[in-house]
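Undergrad: The structure under discussion is supplied below as structure tokens; questions concerning it will follow.
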Amino acid sequence: MAVPPVVVQNPGCPLSPAQLRAVRAGVGTGFVAGNAYLYHYFKKAWWSGERAPHFFFHADWDQEFRDQDKFGHMLGGYHLARIGYAGLREACVSDKKAIAWSAAYAALFQLQIEIFDGQFKKYGFSYADMIANTSGQALAVMQELHPSWRAVKPTFSYHQTRALRNNVPGSELRPSLDYSGQTYWFSADMSQLLPNGAQYWPSFIRLSAGHSITDWKNPTTGATQRAQRKILLSLDFDPEKLPGNAPLWRTIKHTLSYYHFPSPALELTPKLHLSPWYK
């Protein structure tokens, strides 16, 4: 009688061979489905205009919305690499391979967006966007290679602007273009960054530096106007410091930690101003 081969399970993976196949199939399906959904969204929202006569490049620094889109590109690259890494690790891919493949996935996904942009008159292939994309991807990679880097986390907050609420006829404004309502933050865990002798800082409070802009769409007419940069400092609540360690609860806390909750903020530019409840 033939003896069936012995399947030796990866000692670093808690899954059985059958579970591992199922998880890897699920992760692979998630990558493909996510890419298809985002492609469909971008095609509908961005690539419906007039095509350019040929592929072209566009250095779109410092436009009317003052590079606010570049922070969005950075955050997108960061989360694509971060979530890709988490999915691959769930599928028992080794740490180094998960880092490499997740970074490659994020880079290729954002590269395809720029390639499509390069075919439309309104956009063009932007190396400025590629720099922002790469910086976000690199931050996610560095945080996996050097855990101390996780003390600083990119977060995001949003409030709908009057220009979008007014919905001026003919305006192309939508939440993804509502740059004046978006704020991108770098949120620092001060209890990790301060010297050991300065543990008076509450561990659940983070110090955040943010970038936003004033109205780049006139709230009354919808006309484009040149915005001013808003540089902000704020205290930020850290959901990950809430009690409880159940797996689902940890996931919820971690997900919420990338959102900057409304809080007091000091606006440094374009004029010094204390906002008691900044969204």
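Identifiers in the structure tokens: chain A, B, ... in order shown; residue index from 1 per chain; ligand index from 1 in order shown.
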Set out as JSON lines a contact list for range 101-185 of chain A and range 215-225 of chain A with a cut-off of 7 Å, giving each residue of range 101-185 of chain A that qualifies its closest atom pair and distance in Å to one decimal, counting only C-alpha atoms, ordered by chain and rising residue number.

TA:
```
{"residue": "A:Arg162", "atom": "CA", "partner": "A:Pro219", "partner_atom": "CA", "distance": 5.4}
{"residue": "A:Ala163", "atom": "CA", "partner": "A:Pro219", "partner_atom": "CA", "distance": 3.8}
{"residue": "A:Asn166", "atom": "CA", "partner": "A:Pro219", "partner_atom": "CA", "distance": 6.9}
{"residue": "A:Val168", "atom": "CA", "partner": "A:Gly222", "partner_atom": "CA", "distance": 5.8}
{"residue": "A:Ser171", "atom": "CA", "partner": "A:Gly222", "partner_atom": "CA", "distance": 6.4}
{"residue": "A:Ser180", "atom": "CA", "partner": "A:Asp215", "partner_atom": "CA", "distance": 5.4}
```

Undergrad: Export N, CA and C atoms of the chosen residues as a short mmCIF file (atom, residue, chain, number, x, y, z; two decimals), in the first residue's frame?

TA:
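Everything below was put into selection-v8.cif:
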```cif
data_model
loop_
_atom_site.label_atom_id
_atom_site.label_comp_id
_atom_site.auth_asym_id
_atom_site.auth_seq_id
_atom_site.Cartn_x
_atom_site.Cartn_y
_atom_site.Cartn_z
N ARG A 162 -19.01 74.61 2.10
CA ARG A 162 -20.20 75.30 1.61
C ARG A 162 -20.31 75.20 0.08
N ALA A 163 -19.16 75.19 -0.59
CA ALA A 163 -19.18 75.10 -2.05
C ALA A 163 -19.82 73.79 -2.50
N ASN A 166 -23.64 73.83 -1.57
CA ASN A 166 -24.44 74.68 -2.46
C ASN A 166 -24.67 74.04 -3.82
N VAL A 168 -23.39 74.23 -6.93
CA VAL A 168 -23.64 75.17 -8.03
C VAL A 168 -23.79 74.39 -9.34
N SER A 171 -20.99 72.57 -11.68
CA SER A 171 -19.77 72.34 -10.93
C SER A 171 -19.41 70.85 -10.92
N SER A 180 -10.83 71.63 0.09
CA SER A 180 -10.86 72.59 1.20
C SER A 180 -11.48 71.98 2.46
#
```

Undergrad: As a PyMOL selection string, please: every residue in range 2-105 of chain A that a backbone DSSP assignment puts in alpha helix (DSSP H).

TA: chain A and resi 17-45+68-90+95-105

Undergrad: Using only C-alpha atoms, which of the listed residues (A:Asp60, A:Asp238, A:Asp67, A:Asp95) sits closest to Thr155 in chain A?

TA: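 Checking each of A:Asp60, A:Asp238, A:Asp67, A:Asp95 against Thr155 in chain A, counting only C-alpha atoms, the winner is A:Asp238.
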
Undergrad: Would you mind writing down, as a PDB file with N, CA, C and O atoms, in the first residue's frame, each residue of range 30-256 of chain A that DSSP on the backbone assigns to strand (DSSP E or B)?

TA:
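Contents of the output file result-v4.pdb:
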```pdb
ATOM      1  N   ARG A  51      -9.969  62.993 -24.475  1.00  0.00           N
ATOM      2  CA  ARG A  51      -8.657  62.355 -24.557  1.00  0.00           C
ATOM      3  C   ARG A  51      -7.638  63.294 -25.205  1.00  0.00           C
ATOM      4  O   ARG A  51      -7.978  64.101 -26.069  1.00  0.00           O
ATOM      5  N   PHE A  57       3.134  64.351 -20.298  1.00  0.00           N
ATOM      6  CA  PHE A  57       3.489  64.533 -18.889  1.00  0.00           C
ATOM      7  C   PHE A  57       3.079  65.931 -18.437  1.00  0.00           C
ATOM      8  O   PHE A  57       3.063  66.876 -19.232  1.00  0.00           O
ATOM      9  N   PHE A 120      -5.396  61.797 -20.965  1.00  0.00           N
ATOM     10  CA  PHE A 120      -6.515  62.728 -20.954  1.00  0.00           C
ATOM     11  C   PHE A 120      -6.015  64.166 -20.829  1.00  0.00           C
ATOM     12  O   PHE A 120      -5.120  64.458 -20.032  1.00  0.00           O
ATOM     13  N   PHE A 125       0.279  62.650 -17.212  1.00  0.00           N
ATOM     14  CA  PHE A 125       1.061  61.834 -16.275  1.00  0.00           C
ATOM     15  C   PHE A 125       1.875  62.772 -15.386  1.00  0.00           C
ATOM     16  O   PHE A 125       2.695  63.544 -15.864  1.00  0.00           O
ATOM     17  N   VAL A 152       4.573  57.817  14.564  1.00  0.00           N
ATOM     18  CA  VAL A 152       3.962  58.880  13.752  1.00  0.00           C
ATOM     19  C   VAL A 152       3.074  58.225  12.702  1.00  0.00           C
ATOM     20  O   VAL A 152       3.524  57.362  11.952  1.00  0.00           O
ATOM     21  N   LYS A 153       1.823  58.634  12.681  1.00  0.00           N
ATOM     22  CA  LYS A 153       0.829  57.978  11.832  1.00  0.00           C
ATOM     23  C   LYS A 153       0.101  59.019  10.992  1.00  0.00           C
ATOM     24  O   LYS A 153      -0.323  60.053  11.507  1.00  0.00           O
ATOM     25  N   PRO A 154      -0.060  58.782   9.686  1.00  0.00           N
ATOM     26  CA  PRO A 154      -0.861  59.699   8.870  1.00  0.00           C
ATOM     27  C   PRO A 154      -2.344  59.486   9.150  1.00  0.00           C
ATOM     28  O   PRO A 154      -2.842  58.347   9.139  1.00  0.00           O
ATOM     29  N   THR A 155      -3.066  60.549   9.420  1.00  0.00           N
ATOM     30  CA  THR A 155      -4.505  60.472   9.669  1.00  0.00           C
ATOM     31  C   THR A 155      -5.227  61.477   8.773  1.00  0.00           C
ATOM     32  O   THR A 155      -4.590  62.283   8.084  1.00  0.00           O
ATOM     33  N   PHE A 156      -6.556  61.437   8.834  1.00  0.00           N
ATOM     34  CA  PHE A 156      -7.352  62.211   7.886  1.00  0.00           C
ATOM     35  C   PHE A 156      -8.642  62.682   8.552  1.00  0.00           C
ATOM     36  O   PHE A 156      -9.211  61.973   9.389  1.00  0.00           O
ATOM     37  N   SER A 157      -9.081  63.869   8.209  1.00  0.00           N
ATOM     38  CA  SER A 157     -10.398  64.339   8.637  1.00  0.00           C
ATOM     39  C   SER A 157     -11.050  65.086   7.471  1.00  0.00           C
ATOM     40  O   SER A 157     -10.371  65.572   6.555  1.00  0.00           O
ATOM     41  N   TYR A 158     -12.370  65.151   7.514  1.00  0.00           N
ATOM     42  CA  TYR A 158     -13.098  65.779   6.405  1.00  0.00           C
ATOM     43  C   TYR A 158     -14.393  66.403   6.896  1.00  0.00           C
ATOM     44  O   TYR A 158     -15.096  65.829   7.739  1.00  0.00           O
ATOM     45  N   GLN A 182     -10.869  68.789   3.274  1.00  0.00           N
ATOM     46  CA  GLN A 182      -9.984  67.690   3.666  1.00  0.00           C
ATOM     47  C   GLN A 182      -8.800  68.227   4.467  1.00  0.00           C
ATOM     48  O   GLN A 182      -8.245  69.274   4.125  1.00  0.00           O
ATOM     49  N   THR A 183      -8.430  67.515   5.508  1.00  0.00           N
ATOM     50  CA  THR A 183      -7.220  67.845   6.252  1.00  0.00           C
ATOM     51  C   THR A 183      -6.400  66.572   6.427  1.00  0.00           C
ATOM     52  O   THR A 183      -6.937  65.531   6.828  1.00  0.00           O
ATOM     53  N   TYR A 184      -5.135  66.660   6.089  1.00  0.00           N
ATOM     54  CA  TYR A 184      -4.216  65.529   6.226  1.00  0.00           C
ATOM     55  C   TYR A 184      -3.271  65.819   7.390  1.00  0.00           C
ATOM     56  O   TYR A 184      -2.664  66.897   7.459  1.00  0.00           O
ATOM     57  N   TRP A 185      -3.184  64.856   8.291  1.00  0.00           N
ATOM     58  CA  TRP A 185      -2.439  65.039   9.529  1.00  0.00           C
ATOM     59  C   TRP A 185      -1.294  64.046   9.643  1.00  0.00           C
ATOM     60  O   TRP A 185      -1.372  62.927   9.129  1.00  0.00           O
ATOM     61  N   PHE A 186      -0.264  64.441  10.351  1.00  0.00           N
ATOM     62  CA  PHE A 186       0.743  63.510  10.859  1.00  0.00           C
ATOM     63  C   PHE A 186       0.585  63.523  12.371  1.00  0.00           C
ATOM     64  O   PHE A 186       0.829  64.542  13.028  1.00  0.00           O
ATOM     65  N   SER A 187       0.140  62.395  12.897  1.00  0.00           N
ATOM     66  CA  SER A 187      -0.249  62.291  14.300  1.00  0.00           C
ATOM     67  C   SER A 187       0.829  61.536  15.081  1.00  0.00           C
ATOM     68  O   SER A 187       1.159  60.399  14.751  1.00  0.00           O
ATOM     69  N   ALA A 188       1.374  62.169  16.104  1.00  0.00           N
ATOM     70  CA  ALA A 188       2.521  61.629  16.837  1.00  0.00           C
ATOM     71  C   ALA A 188       2.114  61.112  18.210  1.00  0.00           C
ATOM     72  O   ALA A 188       1.411  61.803  18.961  1.00  0.00           O
ATOM     73  N   ILE A 205      -3.503  60.674  24.176  1.00  0.00           N
ATOM     74  CA  ILE A 205      -3.540  61.951  23.465  1.00  0.00           C
ATOM     75  C   ILE A 205      -2.326  62.044  22.546  1.00  0.00           C
ATOM     76  O   ILE A 205      -1.190  61.867  22.975  1.00  0.00           O
ATOM     77  N   ARG A 206      -2.579  62.312  21.271  1.00  0.00           N
ATOM     78  CA  ARG A 206      -1.511  62.469  20.293  1.00  0.00           C
ATOM     79  C   ARG A 206      -1.428  63.937  19.869  1.00  0.00           C
ATOM     80  O   ARG A 206      -2.414  64.672  19.948  1.00  0.00           O
ATOM     81  N   LEU A 207      -0.253  64.346  19.434  1.00  0.00           N
ATOM     82  CA  LEU A 207      -0.055  65.693  18.909  1.00  0.00           C
ATOM     83  C   LEU A 207       0.031  65.604  17.396  1.00  0.00           C
ATOM     84  O   LEU A 207       0.828  64.823  16.861  1.00  0.00           O
ATOM     85  N   SER A 208      -0.800  66.389  16.713  1.00  0.00           N
ATOM     86  CA  SER A 208      -0.898  66.278  15.255  1.00  0.00           C
ATOM     87  C   SER A 208      -0.572  67.589  14.561  1.00  0.00           C
ATOM     88  O   SER A 208      -0.959  68.662  15.032  1.00  0.00           O
ATOM     89  N   ALA A 209       0.116  67.474  13.435  1.00  0.00           N
ATOM     90  CA  ALA A 209       0.352  68.604  12.540  1.00  0.00           C
ATOM     91  C   ALA A 209      -0.411  68.330  11.252  1.00  0.00           C
ATOM     92  O   ALA A 209      -0.336  67.216  10.700  1.00  0.00           O
ATOM     93  N   GLY A 210      -1.170  69.320  10.784  1.00  0.00           N
ATOM     94  CA  GLY A 210      -2.030  69.091   9.637  1.00  0.00           C
ATOM     95  C   GLY A 210      -1.850  70.097   8.515  1.00  0.00           C
ATOM     96  O   GLY A 210      -1.306  71.187   8.710  1.00  0.00           O
ATOM     97  N   HIS A 211      -2.323  69.714   7.329  1.00  0.00           N
ATOM     98  CA  HIS A 211      -2.292  70.585   6.152  1.00  0.00           C
ATOM     99  C   HIS A 211      -3.675  70.581   5.512  1.00  0.00           C
ATOM    100  O   HIS A 211      -4.249  69.523   5.245  1.00  0.00           O
ATOM    101  N   SER A 212      -4.230  71.769   5.298  1.00  0.00           N
ATOM    102  CA  SER A 212      -5.472  71.927   4.566  1.00  0.00           C
ATOM    103  C   SER A 212      -5.366  73.215   3.765  1.00  0.00           C
ATOM    104  O   SER A 212      -4.286  73.820   3.688  1.00  0.00           O
ATOM    105  N   ILE A 213      -6.474  73.638   3.172  1.00  0.00           N
ATOM    106  CA  ILE A 213      -6.464  74.876   2.382  1.00  0.00           C
ATOM    107  C   ILE A 213      -7.774  75.634   2.598  1.00  0.00           C
ATOM    108  O   ILE A 213      -8.787  75.060   2.997  1.00  0.00           O
ATOM    109  N   LYS A 217     -12.832  76.667  -4.286  1.00  0.00           N
ATOM    110  CA  LYS A 217     -14.034  76.886  -5.091  1.00  0.00           C
ATOM    111  C   LYS A 217     -14.891  77.909  -4.366  1.00  0.00           C
ATOM    112  O   LYS A 217     -15.192  77.751  -3.188  1.00  0.00           O
ATOM    113  N   THR A 224     -13.379  78.724  -9.712  1.00  0.00           N
ATOM    114  CA  THR A 224     -12.090  78.329  -9.155  1.00  0.00           C
ATOM    115  C   THR A 224     -11.319  79.553  -8.699  1.00  0.00           C
ATOM    116  O   THR A 224     -11.296  80.582  -9.388  1.00  0.00           O
ATOM    117  N   ARG A 229      -2.735  78.052   1.970  1.00  0.00           N
ATOM    118  CA  ARG A 229      -2.441  76.865   2.783  1.00  0.00           C
ATOM    119  C   ARG A 229      -2.838  77.110   4.234  1.00  0.00           C
ATOM    120  O   ARG A 229      -2.645  78.205   4.765  1.00  0.00           O
ATOM    121  N   LYS A 230      -3.358  76.078   4.868  1.00  0.00           N
ATOM    122  CA  LYS A 230      -3.656  76.106   6.297  1.00  0.00           C
ATOM    123  C   LYS A 230      -2.757  75.069   6.980  1.00  0.00           C
ATOM    124  O   LYS A 230      -2.863  73.878   6.713  1.00  0.00           O
ATOM    125  N   ILE A 231      -1.869  75.552   7.823  1.00  0.00           N
ATOM    126  CA  ILE A 231      -1.009  74.675   8.618  1.00  0.00           C
ATOM    127  C   ILE A 231      -1.563  74.683  10.042  1.00  0.00           C
ATOM    128  O   ILE A 231      -1.804  75.751  10.613  1.00  0.00           O
ATOM    129  N   LEU A 232      -1.774  73.491  10.603  1.00  0.00           N
ATOM    130  CA  LEU A 232      -2.474  73.391  11.877  1.00  0.00           C
ATOM    131  C   LEU A 232      -1.720  72.511  12.872  1.00  0.00           C
ATOM    132  O   LEU A 232      -0.980  71.607  12.486  1.00  0.00           O
ATOM    133  N   LEU A 233      -1.944  72.787  14.137  1.00  0.00           N
ATOM    134  CA  LEU A 233      -1.509  71.916  15.230  1.00  0.00           C
ATOM    135  C   LEU A 233      -2.739  71.540  16.039  1.00  0.00           C
ATOM    136  O   LEU A 233      -3.611  72.390  16.286  1.00  0.00           O
ATOM    137  N   SER A 234      -2.811  70.288  16.440  1.00  0.00           N
ATOM    138  CA  SER A 234      -4.001  69.842  17.158  1.00  0.00           C
ATOM    139  C   SER A 234      -3.656  68.680  18.080  1.00  0.00           C
ATOM    140  O   SER A 234      -2.691  67.945  17.846  1.00  0.00           O
ATOM    141  N   LEU A 235      -4.456  68.528  19.121  1.00  0.00           N
ATOM    142  CA  LEU A 235      -4.410  67.335  19.946  1.00  0.00           C
ATOM    143  C   LEU A 235      -5.382  66.320  19.368  1.00  0.00           C
ATOM    144  O   LEU A 235      -6.435  66.678  18.848  1.00  0.00           O
ATOM    145  N   ASP A 236      -5.018  65.060  19.455  1.00  0.00           N
ATOM    146  CA  ASP A 236      -5.769  64.020  18.780  1.00  0.00           C
ATOM    147  C   ASP A 236      -5.964  62.833  19.721  1.00  0.00           C
ATOM    148  O   ASP A 236      -5.019  62.412  20.398  1.00  0.00           O
ATOM    149  N   PHE A 237      -7.168  62.300  19.748  1.00  0.00           N
ATOM    150  CA  PHE A 237      -7.470  61.132  20.576  1.00  0.00           C
ATOM    151  C   PHE A 237      -7.036  59.864  19.855  1.00  0.00           C
ATOM    152  O   PHE A 237      -7.272  59.700  18.662  1.00  0.00           O
TER     153      PHE A 237
END
```

Undergrad: Work out how far CA of Asp69 in chain A is from CA of Gly87 in chain A, in Å to one decimal.

TA: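 Between these atoms lies a distance of 26.8 Å.
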
Undergrad: Taking only C-alpha atoms into account, name the residue in A:His58, A:Arg150, A:His159, A:Arg24 that is nearest to Leu88 in chain A.

TA: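 Ranked by minimum distance to Leu88 in chain A, first place goes to A:Arg24.
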